[in-house]
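Coordinates from work.cif are shown below (mmCIF, C-alpha atoms and all ligand atoms).
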data_structure
#
loop_
_atom_site.label_atom_id
_atom_site.label_comp_id
_atom_site.auth_asym_id
_atom_site.auth_seq_id
_atom_site.Cartn_x
_atom_site.Cartn_y
_atom_site.Cartn_z
CA MET I 44 -12.88 -4.21 -25.68
CA ALA I 45 -10.71 -6.46 -23.54
CA ILE I 46 -7.87 -8.65 -24.71
CA CYS I 47 -7.70 -11.89 -22.74
CA THR I 48 -4.67 -14.14 -22.72
CA VAL I 49 -5.60 -17.79 -22.51
CA TYR I 50 -3.01 -20.39 -21.52
CA THR I 51 -3.52 -23.60 -23.38
CA ALA I 52 -0.58 -25.94 -22.99
CA GLN I 53 -0.49 -27.12 -19.44
CA SER I 54 -2.77 -27.66 -16.51
CA LEU I 55 -2.05 -25.54 -13.46
CA ASN I 56 -2.61 -28.63 -11.33
CA SER I 57 0.28 -30.41 -13.00
CA ILE I 58 2.80 -27.72 -12.16
CA SER I 59 4.87 -28.63 -9.16
CA THR I 60 7.22 -25.67 -9.36
CA PRO I 61 6.20 -22.17 -10.34
CA PRO I 62 6.73 -21.11 -13.95
CA LYS I 63 9.76 -18.84 -14.22
CA THR I 64 7.80 -16.61 -16.56
CA HIS I 65 4.69 -16.91 -18.65
CA LEU I 66 6.83 -18.53 -21.30
CA GLY I 67 6.27 -21.93 -19.68
CA PHE I 68 2.82 -21.80 -21.25
CA SER I 69 1.70 -21.43 -24.82
CA GLN I 70 -0.36 -18.30 -25.04
CA LYS I 71 -3.01 -17.22 -27.41
CA GLN I 72 -4.70 -13.89 -27.32
CA VAL I 73 -8.44 -13.75 -27.60
CA ILE I 74 -10.18 -10.47 -28.19
CA PHE I 75 -13.52 -10.09 -26.47
CA TYR I 76 -15.80 -7.31 -27.61
CA THR I 77 -17.23 -6.24 -24.31
CA ASN I 78 -19.88 -3.78 -25.44
CA THR I 79 -22.30 -6.65 -24.84
CA LYS I 80 -21.53 -6.12 -21.13
CA ARG I 81 -20.93 -9.86 -20.76
CA LYS I 82 -17.98 -10.94 -18.70
CA PRO I 83 -16.31 -13.64 -20.76
CA SER I 84 -14.64 -16.50 -19.02
CA SER I 85 -13.51 -19.94 -20.05
CA LYS I 86 -12.06 -23.06 -18.51
CA ARG I 87 -9.16 -24.68 -20.27
CA TYR I 88 -7.32 -27.76 -19.19
CA GLY I 89 -8.46 -27.36 -15.60
CA THR I 90 -7.16 -23.80 -15.33
CA GLU I 91 -9.82 -21.21 -14.82
CA ILE I 92 -9.24 -18.20 -17.00
CA SER I 93 -11.37 -15.19 -16.40
CA CYS I 94 -11.52 -11.90 -18.14
CA SER I 95 -13.46 -8.88 -17.05
CA ALA I 96 -14.58 -5.92 -19.12
CA GLU I 97 -14.10 -3.57 -16.16
CA LYS I 98 -10.59 -2.25 -15.74
CA THR I 99 -9.07 -2.73 -12.33
CA VAL I 100 -7.86 0.35 -10.44
CA VAL I 101 -4.28 -0.26 -9.30
CA ILE I 102 -2.78 1.21 -6.13
CA GLY I 103 0.90 0.91 -5.15
CA LEU I 104 2.08 0.88 -1.55
CA ALA I 105 5.83 0.95 -0.97
CA ALA I 106 7.72 0.54 2.29
CA ASP I 107 10.51 -1.41 3.85
CA SER I 108 9.70 -4.57 5.76
CA GLY I 109 8.13 -3.99 9.19
CA CYS I 110 7.05 -0.43 8.40
CA GLY I 111 3.30 -0.87 8.81
CA LYS I 112 2.10 -2.00 5.35
CA SER I 113 -0.11 -4.77 6.75
CA THR I 114 -1.63 -2.41 9.30
CA PHE I 115 -2.31 0.15 6.59
CA MET I 116 -3.90 -2.52 4.39
CA ARG I 117 -6.23 -3.55 7.20
CA ARG I 118 -7.33 0.08 7.61
CA LEU I 119 -7.79 0.47 3.84
CA THR I 120 -9.86 -2.67 3.30
CA SER I 121 -12.00 -1.76 6.32
CA VAL I 122 -12.96 1.53 4.61
CA PHE I 123 -14.46 -0.54 1.78
CA GLY I 124 -16.24 -2.86 4.25
CA GLY I 125 -15.88 -6.63 4.49
CA ALA I 126 -12.93 -8.52 5.92
CA ALA I 127 -9.84 -9.25 3.84
CA GLU I 128 -8.85 -12.91 3.88
CA PRO I 129 -6.31 -15.19 2.17
CA PRO I 130 -7.65 -17.01 -0.93
CA LYS I 131 -10.07 -19.76 0.20
CA GLY I 132 -8.72 -23.30 -0.03
CA GLY I 133 -5.37 -22.09 -1.28
CA ASN I 134 -1.82 -22.19 0.01
CA PRO I 135 -1.96 -21.46 3.77
CA ASP I 136 1.23 -19.42 3.39
CA SER I 137 -0.23 -17.22 0.62
CA ASN I 138 0.59 -13.53 1.05
CA THR I 139 -2.58 -12.41 -0.76
CA LEU I 140 -5.58 -10.83 0.94
CA ILE I 141 -8.95 -10.72 -0.78
CA SER I 142 -12.07 -8.77 0.19
CA ASP I 143 -15.24 -7.92 -1.78
CA THR I 144 -13.65 -4.89 -3.42
CA THR I 145 -9.92 -5.21 -3.00
CA THR I 146 -7.21 -7.75 -3.63
CA VAL I 147 -3.87 -7.04 -1.98
CA ILE I 148 -0.88 -8.81 -3.46
CA CYS I 149 2.54 -8.75 -1.87
CA LEU I 150 5.38 -8.05 -4.28
CA ASP I 151 7.63 -10.45 -2.36
CA ASP I 152 5.85 -13.01 -4.56
CA TYR I 153 7.98 -11.72 -7.44
CA HIS I 154 11.27 -12.65 -5.76
CA SER I 155 13.12 -14.54 -8.49
CA LEU I 156 15.63 -15.94 -6.02
CA ASP I 157 14.53 -17.91 -3.00
CA ARG I 158 16.25 -17.56 0.41
CA THR I 159 19.02 -20.02 -0.49
CA GLY I 160 19.47 -18.48 -3.93
CA ARG I 161 19.92 -15.03 -2.41
CA LYS I 162 22.42 -16.36 0.10
CA GLU I 163 24.41 -18.12 -2.64
CA LYS I 164 24.51 -15.03 -4.83
CA GLY I 165 25.13 -12.67 -1.87
CA VAL I 166 22.17 -10.39 -2.65
CA THR I 167 19.35 -9.15 -0.41
CA ALA I 168 15.65 -9.30 -1.28
CA LEU I 169 15.79 -5.54 -1.84
CA ASP I 170 18.22 -5.93 -4.73
CA PRO I 171 16.43 -5.74 -8.10
CA ARG I 172 18.47 -8.78 -9.23
CA ALA I 173 16.49 -10.86 -6.71
CA ASN I 174 13.16 -9.85 -8.27
CA ASN I 175 11.39 -10.56 -11.56
CA PHE I 176 10.16 -7.17 -12.78
CA ASP I 177 9.20 -8.48 -16.25
CA LEU I 178 6.71 -10.89 -14.72
CA MET I 179 5.51 -8.28 -12.20
CA TYR I 180 4.79 -5.87 -15.07
CA GLU I 181 3.09 -8.47 -17.28
CA GLN I 182 0.86 -9.73 -14.48
CA VAL I 183 -0.14 -6.34 -13.04
CA LYS I 184 -0.91 -5.19 -16.58
CA SER I 185 -3.00 -8.30 -17.26
CA ILE I 186 -5.00 -7.82 -14.06
CA LYS I 187 -5.50 -4.14 -14.86
CA ASP I 188 -6.81 -5.20 -18.27
CA GLY I 189 -9.27 -7.58 -16.61
CA VAL I 190 -7.36 -10.83 -17.10
CA ALA I 191 -6.70 -13.39 -14.35
CA VAL I 192 -3.11 -14.49 -13.79
CA ASP I 193 -1.25 -17.33 -12.11
CA LYS I 194 0.93 -15.41 -9.70
CA PRO I 195 3.87 -17.08 -7.99
CA ILE I 196 4.00 -17.26 -4.19
CA TYR I 197 7.07 -16.53 -2.09
CA ASN I 198 6.73 -18.58 1.06
CA HIS I 199 8.05 -16.59 4.02
CA VAL I 200 7.90 -19.67 6.25
CA SER I 201 10.04 -21.96 4.08
CA GLY I 202 11.92 -19.29 2.11
CA LEU I 203 10.97 -21.14 -1.12
CA LEU I 204 8.98 -20.22 -4.23
CA ASP I 205 5.69 -22.16 -4.04
CA PRO I 206 3.37 -23.15 -6.94
CA PRO I 207 1.34 -20.20 -8.25
CA GLU I 208 -2.13 -19.07 -7.20
CA LEU I 209 -4.86 -17.71 -9.44
CA ILE I 210 -5.55 -13.99 -9.03
CA LYS I 211 -8.76 -12.76 -10.62
CA PRO I 212 -9.16 -9.08 -11.51
CA PRO I 213 -10.69 -7.23 -8.53
CA LYS I 214 -12.22 -3.76 -8.51
CA ILE I 215 -9.12 -2.47 -6.75
CA LEU I 216 -5.73 -4.18 -6.84
CA VAL I 217 -3.19 -3.08 -4.24
CA ILE I 218 0.40 -4.05 -4.92
CA GLU I 219 2.34 -3.68 -1.69
CA GLY I 220 5.94 -4.33 -0.95
CA LEU I 221 9.48 -3.22 -1.52
CA HIS I 222 9.34 -2.17 -5.19
CA PRO I 223 5.94 -1.06 -6.53
CA MET I 224 7.47 2.11 -8.02
CA TYR I 225 10.95 0.86 -8.89
CA ASP I 226 10.28 -0.32 -12.45
CA ALA I 227 8.98 2.46 -14.73
CA ARG I 228 6.62 0.06 -16.53
CA VAL I 229 4.97 -1.05 -13.28
CA ARG I 230 4.94 2.54 -11.99
CA ASP I 231 3.04 3.69 -15.07
CA LEU I 232 0.29 1.17 -14.33
CA LEU I 233 -0.46 2.73 -10.94
CA ASP I 234 -3.55 4.90 -10.58
CA PHE I 235 -2.31 6.08 -7.18
CA SER I 236 0.81 5.49 -5.12
CA ILE I 237 1.77 5.71 -1.47
CA TYR I 238 5.15 5.53 0.25
CA LEU I 239 5.47 4.83 3.99
CA ASP I 240 8.63 6.65 5.01
CA ILE I 241 9.62 5.52 8.47
CA SER I 242 12.73 7.22 9.87
CA ASN I 243 15.54 4.94 10.99
CA GLU I 244 15.01 5.63 14.71
CA VAL I 245 11.32 4.76 14.52
CA LYS I 246 11.88 1.74 12.24
CA PHE I 247 14.33 0.39 14.75
CA ALA I 248 11.89 0.83 17.66
CA TRP I 249 9.08 -0.94 15.73
CA LYS I 250 11.33 -3.78 14.59
CA ILE I 251 12.58 -4.38 18.12
CA GLN I 252 9.03 -4.40 19.42
CA ARG I 253 7.84 -6.93 16.84
CA ASP I 254 10.87 -9.11 16.13
CA MET I 255 11.91 -9.48 19.77
CA ALA I 256 8.42 -9.91 21.22
CA GLU I 257 6.75 -11.91 18.45
CA ARG I 258 9.56 -13.59 16.55
CA GLY I 259 12.11 -14.29 19.30
CA HIS I 260 15.02 -12.42 17.61
CA SER I 261 17.84 -10.94 19.71
CA LEU I 262 18.58 -7.21 19.84
CA GLU I 263 21.96 -7.83 18.14
CA SER I 264 20.43 -9.81 15.29
CA ILE I 265 17.80 -7.09 14.69
CA LYS I 266 20.50 -4.41 14.61
CA ALA I 267 22.62 -6.54 12.26
CA SER I 268 19.69 -7.18 9.90
CA ILE I 269 18.82 -3.46 9.71
CA GLU I 270 22.46 -2.56 9.03
CA ALA I 271 22.81 -5.29 6.37
CA ARG I 272 19.72 -4.00 4.52
CA LYS I 273 20.59 -0.31 4.73
CA PRO I 274 22.79 0.10 1.60
CA ASP I 275 20.20 -1.64 -0.62
CA PHE I 276 17.36 0.19 1.12
CA ASP I 277 19.06 3.52 0.33
CA ALA I 278 19.82 2.49 -3.25
CA TYR I 279 16.57 0.82 -4.33
CA ILE I 280 13.69 1.41 -1.91
CA ASP I 281 14.01 4.94 -0.52
CA PRO I 282 14.30 6.69 -3.96
CA GLN I 283 10.79 5.49 -4.84
CA LYS I 284 9.28 8.14 -2.56
CA GLN I 285 9.94 10.80 -5.19
CA TYR I 286 7.28 9.13 -7.39
CA ALA I 287 4.60 8.70 -4.70
CA ASP I 288 1.37 10.69 -4.83
CA VAL I 289 1.27 10.55 -1.04
CA VAL I 290 4.08 10.00 1.45
CA ILE I 291 3.41 9.27 5.14
CA GLU I 292 6.61 10.27 6.89
CA VAL I 293 7.09 9.10 10.48
CA LEU I 294 9.67 10.90 12.63
CA PRO I 295 10.56 11.17 16.32
CA THR I 296 8.58 13.83 18.21
CA GLN I 297 9.81 17.40 18.51
CA LEU I 298 7.63 17.94 21.59
CA ILE I 299 10.06 16.16 23.93
CA PRO I 300 13.63 17.46 23.74
CA ASP I 301 16.11 14.69 22.78
CA ASP I 302 13.45 12.01 22.95
CA ASN I 303 14.91 8.57 22.32
CA GLU I 304 12.01 6.41 23.43
CA GLY I 305 10.27 6.60 20.05
CA LYS I 306 6.80 6.31 21.58
CA VAL I 307 5.54 9.78 20.69
CA LEU I 308 5.67 10.42 16.94
CA ARG I 309 5.64 13.33 14.52
CA VAL I 310 3.86 12.27 11.35
CA LYS I 311 3.65 14.14 8.06
CA LEU I 312 1.13 13.56 5.30
CA ILE I 313 2.83 14.84 2.14
CA MET I 314 0.30 15.15 -0.68
CA LYS I 315 1.27 15.89 -4.27
CA GLU I 316 -0.68 18.67 -5.98
CA GLY I 317 -2.22 18.16 -9.42
CA VAL I 318 -2.88 14.42 -9.17
CA LYS I 319 -5.97 13.38 -11.11
CA TYR I 320 -8.91 12.42 -8.87
CA PHE I 321 -7.02 13.44 -5.73
CA ASN I 322 -7.59 16.70 -3.83
CA PRO I 323 -5.23 17.13 -0.89
CA VAL I 324 -6.72 17.41 2.58
CA TYR I 325 -6.37 20.78 4.29
CA LEU I 326 -6.65 22.32 7.75
CA PHE I 327 -8.83 25.45 8.16
CA ASP I 328 -7.84 27.29 4.97
CA GLU I 329 -6.56 25.73 1.75
CA GLY I 330 -3.08 26.93 0.76
CA SER I 331 -2.40 28.91 3.97
CA THR I 332 0.27 28.06 6.49
CA ILE I 333 -1.29 27.05 9.81
CA ASN I 334 0.03 25.99 13.21
CA TRP I 335 -2.61 24.66 15.57
CA ILE I 336 -2.54 23.38 19.14
CA PRO I 337 -5.99 21.83 19.56
CA CYS I 338 -5.55 20.99 23.26
CA GLY I 339 -7.95 22.77 25.58
CA ARG I 340 -11.65 22.54 26.22
CA LYS I 341 -12.52 20.15 23.42
CA LEU I 342 -9.46 17.94 23.25
CA THR I 343 -7.84 16.37 26.28
CA CYS I 344 -4.05 16.31 25.99
CA SER I 345 -1.59 15.02 28.54
CA TYR I 346 2.18 15.64 28.30
CA PRO I 347 3.68 16.39 25.76
CA GLY I 348 0.49 17.63 24.07
CA ILE I 349 -0.49 17.72 20.39
CA LYS I 350 0.54 20.09 17.61
CA PHE I 351 -0.83 20.24 14.07
CA ALA I 352 0.72 22.10 11.15
CA TYR I 353 -0.41 22.56 7.56
CA GLY I 354 0.95 24.38 4.56
CA PRO I 355 2.41 24.27 1.04
CA ASP I 356 5.92 22.97 0.34
CA THR I 357 8.02 21.33 -2.37
CA TYR I 358 9.11 17.70 -2.30
CA TYR I 359 11.56 16.32 -4.87
CA GLY I 360 10.74 19.32 -7.07
CA ASN I 361 6.98 18.76 -6.86
CA GLU I 362 4.43 21.08 -5.29
CA VAL I 363 2.88 19.44 -2.27
CA SER I 364 0.59 20.20 0.66
CA VAL I 365 1.78 18.91 4.01
CA LEU I 366 -0.39 18.13 7.03
CA GLU I 367 1.54 17.31 10.18
CA MET I 368 0.60 15.93 13.57
CA ASP I 369 3.02 15.66 16.49
CA GLY I 370 1.89 13.97 19.71
CA GLN I 371 -0.87 11.53 20.56
CA PHE I 372 -4.55 11.48 21.44
CA ASP I 373 -5.63 10.67 24.98
CA ARG I 374 -9.25 10.04 24.04
CA LEU I 375 -10.01 8.79 20.53
CA ASP I 376 -13.68 9.81 20.67
CA GLU I 377 -12.50 13.44 20.89
CA LEU I 378 -10.82 13.08 17.50
CA ILE I 379 -14.11 14.32 16.05
CA TYR I 380 -13.01 17.82 17.12
CA VAL I 381 -9.90 17.58 14.90
CA GLU I 382 -11.85 15.88 12.09
CA SER I 383 -14.37 18.74 12.01
CA HIS I 384 -11.54 21.19 11.21
CA LEU I 385 -10.18 19.17 8.29
CA SER I 386 -11.53 19.58 4.74
CA ASN I 387 -11.38 17.51 1.55
CA ILE I 388 -11.34 14.35 3.67
CA SER I 389 -13.71 12.43 1.36
CA THR I 390 -15.90 11.11 4.17
CA LYS I 391 -19.43 9.93 3.38
CA PHE I 392 -20.85 11.20 6.70
CA TYR I 393 -19.84 13.49 9.57
CA GLY I 394 -17.42 11.69 11.88
CA GLU I 395 -16.45 8.83 9.55
CA ILE I 396 -12.72 9.20 10.32
CA THR I 397 -13.38 9.10 14.06
CA GLN I 398 -15.63 6.09 13.61
CA GLN I 399 -12.94 4.21 11.63
CA MET I 400 -10.27 5.06 14.19
CA LEU I 401 -12.47 3.92 17.08
CA LYS I 402 -13.34 0.72 15.24
CA HIS I 403 -9.65 -0.18 15.00
CA SER I 404 -8.38 1.36 18.22
CA ASP I 405 -6.37 -1.84 18.84
CA PHE I 406 -4.30 -1.40 15.63
CA PRO I 407 -0.77 0.00 16.06
CA GLY I 408 -0.66 3.78 15.66
CA SER I 409 -4.30 4.43 16.52
CA SER I 410 -3.54 7.20 18.98
CA ASN I 411 -1.22 9.17 16.69
CA GLY I 412 -0.80 10.59 13.18
CA THR I 413 0.12 7.22 11.61
CA GLY I 414 -3.36 5.79 12.21
CA LEU I 415 -5.10 9.10 11.45
CA PHE I 416 -3.29 9.67 8.15
CA GLN I 417 -3.56 6.03 7.05
CA THR I 418 -7.32 6.26 7.61
CA ILE I 419 -7.52 9.52 5.65
CA VAL I 420 -5.54 7.99 2.76
CA GLY I 421 -7.93 5.01 2.80
CA LEU I 422 -10.88 7.38 2.39
CA LYS I 423 -9.09 9.28 -0.39
CA ILE I 424 -8.48 5.98 -2.23
CA ARG I 425 -12.17 5.10 -1.97
CA ASP I 426 -13.01 8.52 -3.38
CA LEU I 427 -10.43 8.16 -6.18
CA TYR I 428 -11.86 4.75 -7.09
CA GLU I 429 -15.42 6.11 -7.19
CA GLN I 430 -14.34 9.02 -9.38
CA ILE I 431 -12.52 6.72 -11.82
CA VAL I 432 -15.56 4.45 -12.08
CA ALA I 433 -17.86 7.44 -12.61
CA ALA I 434 -15.55 8.87 -15.29
CA ARG I 435 -15.45 5.53 -17.12
CA ALA I 436 -19.22 5.21 -16.97
CA ALA I 437 -19.59 8.72 -18.38
CA ALA I 438 -16.98 8.21 -21.12
CA PRO I 439 -19.13 6.24 -23.64
CA VAL I 440 -21.91 8.83 -23.23
CA ALA I 441 -19.45 11.67 -23.89
CA ALA I 442 -18.03 9.77 -26.89
CA ALA I 443 -21.52 9.18 -28.31
CA LYS I 444 -22.37 12.89 -27.99
CA ALA I 445 -19.15 14.00 -29.73
N1 LIG Z 501 1.73 3.03 13.33
C1 LIG Z 501 2.44 2.23 14.10
N2 LIG Z 501 2.77 2.59 15.35
C2 LIG Z 501 3.51 1.80 16.14
N3 LIG Z 501 4.00 0.61 15.74
C3 LIG Z 501 3.70 0.20 14.52
C4 LIG Z 501 2.91 0.98 13.62
N4 LIG Z 501 2.78 0.31 12.44
C5 LIG Z 501 3.46 -0.81 12.60
N5 LIG Z 501 4.01 -0.88 13.83
C6 LIG Z 501 4.87 -1.94 14.37
O1 LIG Z 501 5.57 -2.52 13.29
C7 LIG Z 501 5.25 -3.91 13.20
C8 LIG Z 501 5.11 -4.27 11.72
O2 LIG Z 501 3.90 -3.73 11.21
P1 LIG Z 501 3.24 -4.38 9.94
O3 LIG Z 501 3.13 -5.86 10.11
O4 LIG Z 501 2.00 -3.62 9.64
O5 LIG Z 501 4.39 -4.05 8.89
P2 LIG Z 501 4.72 -4.67 7.45
O6 LIG Z 501 5.35 -3.56 6.68
O7 LIG Z 501 3.52 -5.27 6.86
O8 LIG Z 501 5.77 -5.76 7.83
P3 LIG Z 501 6.35 -6.99 6.93
O9 LIG Z 501 6.58 -6.49 5.56
O10 LIG Z 501 7.63 -7.33 7.63
O11 LIG Z 501 5.31 -8.07 7.04
C9 LIG Z 501 3.97 -4.11 14.03
O12 LIG Z 501 3.93 -5.36 14.67
C10 LIG Z 501 4.10 -3.02 15.06
O13 LIG Z 501 4.89 -3.50 16.11
O1 LIG Z 502 11.98 -7.55 2.78
C1 LIG Z 502 11.28 -8.49 2.94
C2 LIG Z 502 9.78 -8.41 2.85
O2 LIG Z 502 9.31 -7.16 2.60
C3 LIG Z 502 11.84 -9.83 3.22
O3 LIG Z 502 13.06 -9.67 3.84
C4 LIG Z 502 12.02 -10.62 1.95
O4 LIG Z 502 10.77 -10.82 1.33
C5 LIG Z 502 12.65 -11.95 2.27
O5 LIG Z 502 11.82 -12.65 3.11
P1 LIG Z 502 12.36 -13.74 4.13
O6 LIG Z 502 13.13 -12.97 5.16
O7 LIG Z 502 11.10 -14.37 4.68
O8 LIG Z 502 13.17 -14.70 3.36
#
Let me see the file written as structure tokens.
Ligand SMILES: Nc1ncnc2c1ncn2[C@@H]1O[C@H](COP(=O)(O)OP(=O)(O)OP(=O)(O)O)[C@@H](O)[C@H]1O
Ligand SMILES: O=C(CO)[C@H](O)[C@H](O)COP(=O)(O)O
Amino acid sequence: MAICTVYTAQSLNSISTPPKTHLGFSQKQVIFYTNTKRKPSSKRYGTEISCSAEKTVVIGLAADSGCGKSTFMRRLTSVFGGAAEPPKGGNPDSNTLISDTTTVICLDDYHSLDRTGRKEKGVTALDPRANNFDLMYEQVKSIKDGVAVDKPIYNHVSGLLDPPELIKPPKILVIEGLHPMYDARVRDLLDFSIYLDISNEVKFAWKIQRDMAERGHSLESIKASIEARKPDFDAYIDPQKQYADVVIEVLPTQLIPDDNEGKVLRVKLIMKEGVKYFNPVYLFDEGSTINWIPCGRKLTCSYPGIKFAYGPDTYYGNEVSVLEMDGQFDRLDELIYVESHLSNISTKFYGEITQQMLKHSDFPGSSNGTGLFQTIVGLKIRDLYEQIVAARAAAPVAAAKA
């Protein structure tokens, strides 16, 4: 059974500014009995309302700005096949990406204060007071329940809140941004959560690379913007990693003493134990502690080489398994050698990780642990989704037998 909320008072087309909350509309709840397997939908006052019987699987991806969320999303959607694109015919500045299976929404769209509003109130976008968590919760819940929503858009070009866009329930909804795990109500809606933990040194190097080269910012302004965000980052963003099912931690290398170039990276994949539908990846032998230097006959390594490590640990009081890679690959096709020593990777055929990495060799991080672990997490999410769907399909049968 699905409960669909239908908005009846106002046409979407007549709204020139986004509704502050759903309360701008009059709502009525319609209960659809979905054992008929029909997908009910209706059109009211020019606003398409759709309601699906299938529950959407919701994934949360948290990270600070410029920490590789978009790159990760491109790797994830590629695992499911089909390109992810902004909604057709919609706002050209939409932050949403839609593919056959996934819809990725950016939580910046729930900023309650626009750029001027934040400046006037002296708050950053990371401050919860600049974000509408009630609306975020209501809308993510609606989508999870199979109900389309009119989601606001934060326009990064103008710094304004644009009129909303319709988001229909996909098979997989990814909510990415600063706060997917900040609000307990939103957190509880997540079927799986990921935190990209980029150390300050590395974040700085990436920001300089992008904001100086692509956005014309000066070194001083980049430094100032990182410093200005830091207190709120520490207070509101960083603590979310304790809730994540998987953390990808990116640190400077330990292979080069006192390295300050930030080109060679040490990356950790921290995987929580005991998460439903998720079995952590392991190297050689599950639960053992392993150190492995794969360089030699089957893997070409130039200075400073490559080191893998694997073993159990605790993270914020939780039992975890940690897989670590320090260094970078010279030849991506040789990654198959490393892949063949990893287990629980949820591939559908031998060499799928290597194939994905080769396919996107132009993405940032393809020669190191960031690309490798993002690809692995993408495959684990596909596996999690398939297990959830299979469990739901089996549930009525089990209930009928009981
Ligand atoms: N794994 C990586 N290795 C090296 N550089 C990277 C990596 N991931 C991201 N970067 C750098 O960081 C920049 C930002 O990456 P990306 O756009 O994926 O981040 P984002 O979190 O989506 O950013 P924003 O939220 O600001 O849009 C890239 O242009 C690139 O320079
Ligand atoms: O943290 C951010 C995105 O993750 C941005 O700083 C925030 O959304 C504000 O955007 P803009 O700088 O375009 O006004």
Please, which residues in chain I fall within 9 Å of ligand LIG 501 (chain Z) when counting all atoms listed in the file, and what is the closest atom pair and distance in Å to one decimal for each, ordered by chain then residue number, as CSV?
residue,atom,partner,partner_atom,distance
I:Ala105,CA,Z:LIG501,O6,8.9
I:Ala106,CA,Z:LIG501,O6,6.5
I:Asp107,CA,Z:LIG501,O6,6.3
I:Ser108,CA,Z:LIG501,O9,3.7
I:Gly109,CA,Z:LIG501,O8,3.2
I:Cys110,CA,Z:LIG501,O6,4.0
I:Gly111,CA,Z:LIG501,O4,3.2
I:Lys112,CA,Z:LIG501,O6,3.8
I:Ser113,CA,Z:LIG501,O7,3.7
I:Thr114,CA,Z:LIG501,O4,3.8
I:Phe115,CA,Z:LIG501,O4,6.5
I:Met116,CA,Z:LIG501,O4,8.0
I:Arg117,CA,Z:LIG501,O4,8.6
I:Cys149,CA,Z:LIG501,O9,8.8
I:Asp151,CA,Z:LIG501,O9,8.9
I:Glu219,CA,Z:LIG501,O7,8.8
I:Gly220,CA,Z:LIG501,O9,6.9
I:Leu221,CA,Z:LIG501,O9,8.3
I:Leu239,CA,Z:LIG501,O6,8.8
I:Val245,CA,Z:LIG501,N3,8.5
I:Lys246,CA,Z:LIG501,O1,7.7
I:Ala248,CA,Z:LIG501,N3,8.1
I:Trp249,CA,Z:LIG501,C6,4.5
I:Lys250,CA,Z:LIG501,O1,6.0
I:Ile251,CA,Z:LIG501,O13,8.0
I:Gln252,CA,Z:LIG501,O13,5.4
I:Arg253,CA,Z:LIG501,O13,4.6
I:Asp254,CA,Z:LIG501,O12,8.0
I:Ala256,CA,Z:LIG501,O13,8.9
I:Glu257,CA,Z:LIG501,O12,8.1
I:Val293,CA,Z:LIG501,N1,8.6
I:Lys306,CA,Z:LIG501,C2,7.8
I:Leu308,CA,Z:LIG501,N2,8.5
I:Phe406,CA,Z:LIG501,C1,7.8
I:Pro407,CA,Z:LIG501,C1,4.4
I:Gly408,CA,Z:LIG501,N1,3.4
I:Ser409,CA,Z:LIG501,N1,7.0
I:Ser410,CA,Z:LIG501,N2,8.6
I:Asn411,CA,Z:LIG501,N1,7.6
I:Gly412,CA,Z:LIG501,N1,8.0
I:Thr413,CA,Z:LIG501,N1,4.8
I:Gly414,CA,Z:LIG501,N1,5.9
I:Gln417,CA,Z:LIG501,N1,8.7
Counting all atoms listed in the file, which residues of stretch 116-201 of chain I fall within 8 Å of stretch 213-217 of chain I, and what is the closest atom pair for each with its distance in Å at one decimal, ordered by chain and rising number, as a tab-separated table?
residue	atom	partner	partner_atom	distance
I:Thr144	CA	I:Lys214	CA	5.4
I:Thr145	CA	I:Ile215	CA	4.7
I:Thr146	CA	I:Leu216	CA	5.0
I:Val147	CA	I:Val217	CA	4.6
I:Ile148	CA	I:Val217	CA	6.2
I:Ile186	CA	I:Pro213	CA	8.0
Item to check | Shell of 12 Å around ligand LIG 502 (chain Z) (all atoms listed in the file), written as a ChimeraX atom specification | outcome: /I:104-113,136,138,148-162,166-171,173-174,196-204,219-223,254,258,268-269,271-273,275-276,279-280
Checklist entry - Can you find the residues with an atom no farther than 8 Å from (-3.4, -15.0, -9.3), counting only C-alpha atoms, and report them as a list in words? => result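 Counting only C-alpha atoms, I find these residues within 8 Å of (-3.4, -15.0, -9.3): Ala191, Val192, Asp193, Lys194, Pro195, Pro207, Glu208, Leu209, Ile210 and Lys211 of chain I.
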Please give the centre and size of the box around stretch 372-389 of chain I (axis-aligned, containing every atom listed in the file, 6 Å added per side), with values in Å to one decimal and written as lines of an AutoDock Vina configuration file.
center_x = -9.5
center_y = 15.0
center_z = 13.2
size_x = 21.8
size_y = 24.4
size_z = 35.6
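Atom CA of I:Ser242 sits 7.5 Å away from atom CA of I:Glu292.
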Item to check | Selected residue of minimal separation from I:Leu422 among I:Phe123, I:Tyr380, I:Phe351, I:Tyr225, counting only C-alpha atoms | outcome: I:Phe123
Item to check | Residues near stretch 386-391 of chain I, cut-off 10 Å, all atoms listed in the file, skip fewer than 4 positions along chain, as a list in words | outcome: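 Near neighbours after the sequence-gap exclusion: Phe321, Asn322, Pro323, Val324, Tyr325, Leu326, Phe327, Asp328, Glu329, Glu382, Glu395, Ile396, Thr418, Ile419, Val420, Gly421, Leu422, Lys423, Ile424, Arg425, Asp426 and Leu427 of chain I.
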Checklist entry - Given the choices I:Leu119, I:Thr296, I:Val101, I:Asn243, which gets closest to I:Gln399 if the distance is worked out from all atoms listed in the file? => result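 Of all the options, I:Leu119 lies closest to I:Gln399.
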Item to check | Residue nearest I:Gly330 - candidates I:Glu362, I:Glu263, I:Asp369, I:Asp301, atoms counted: only C-alpha atoms | outcome: I:Glu362
For the structure just given, write the atoms of stretch 366-372 of chain I, namely C-alpha atoms, as a compact mmCIF listing (two decimals), in the first residue's frame.
# COMPACT_ATOMS: atom_id res chain seq x y z
CA LEU I 366 41.36 -1.65 3.39
CA GLU I 367 44.15 0.79 2.63
CA MET I 368 46.09 1.70 -0.48
CA ASP I 369 49.09 4.05 -0.49
CA GLY I 370 50.68 5.02 -3.82
CA GLN I 371 49.50 4.99 -7.41
CA PHE I 372 49.21 2.65 -10.37
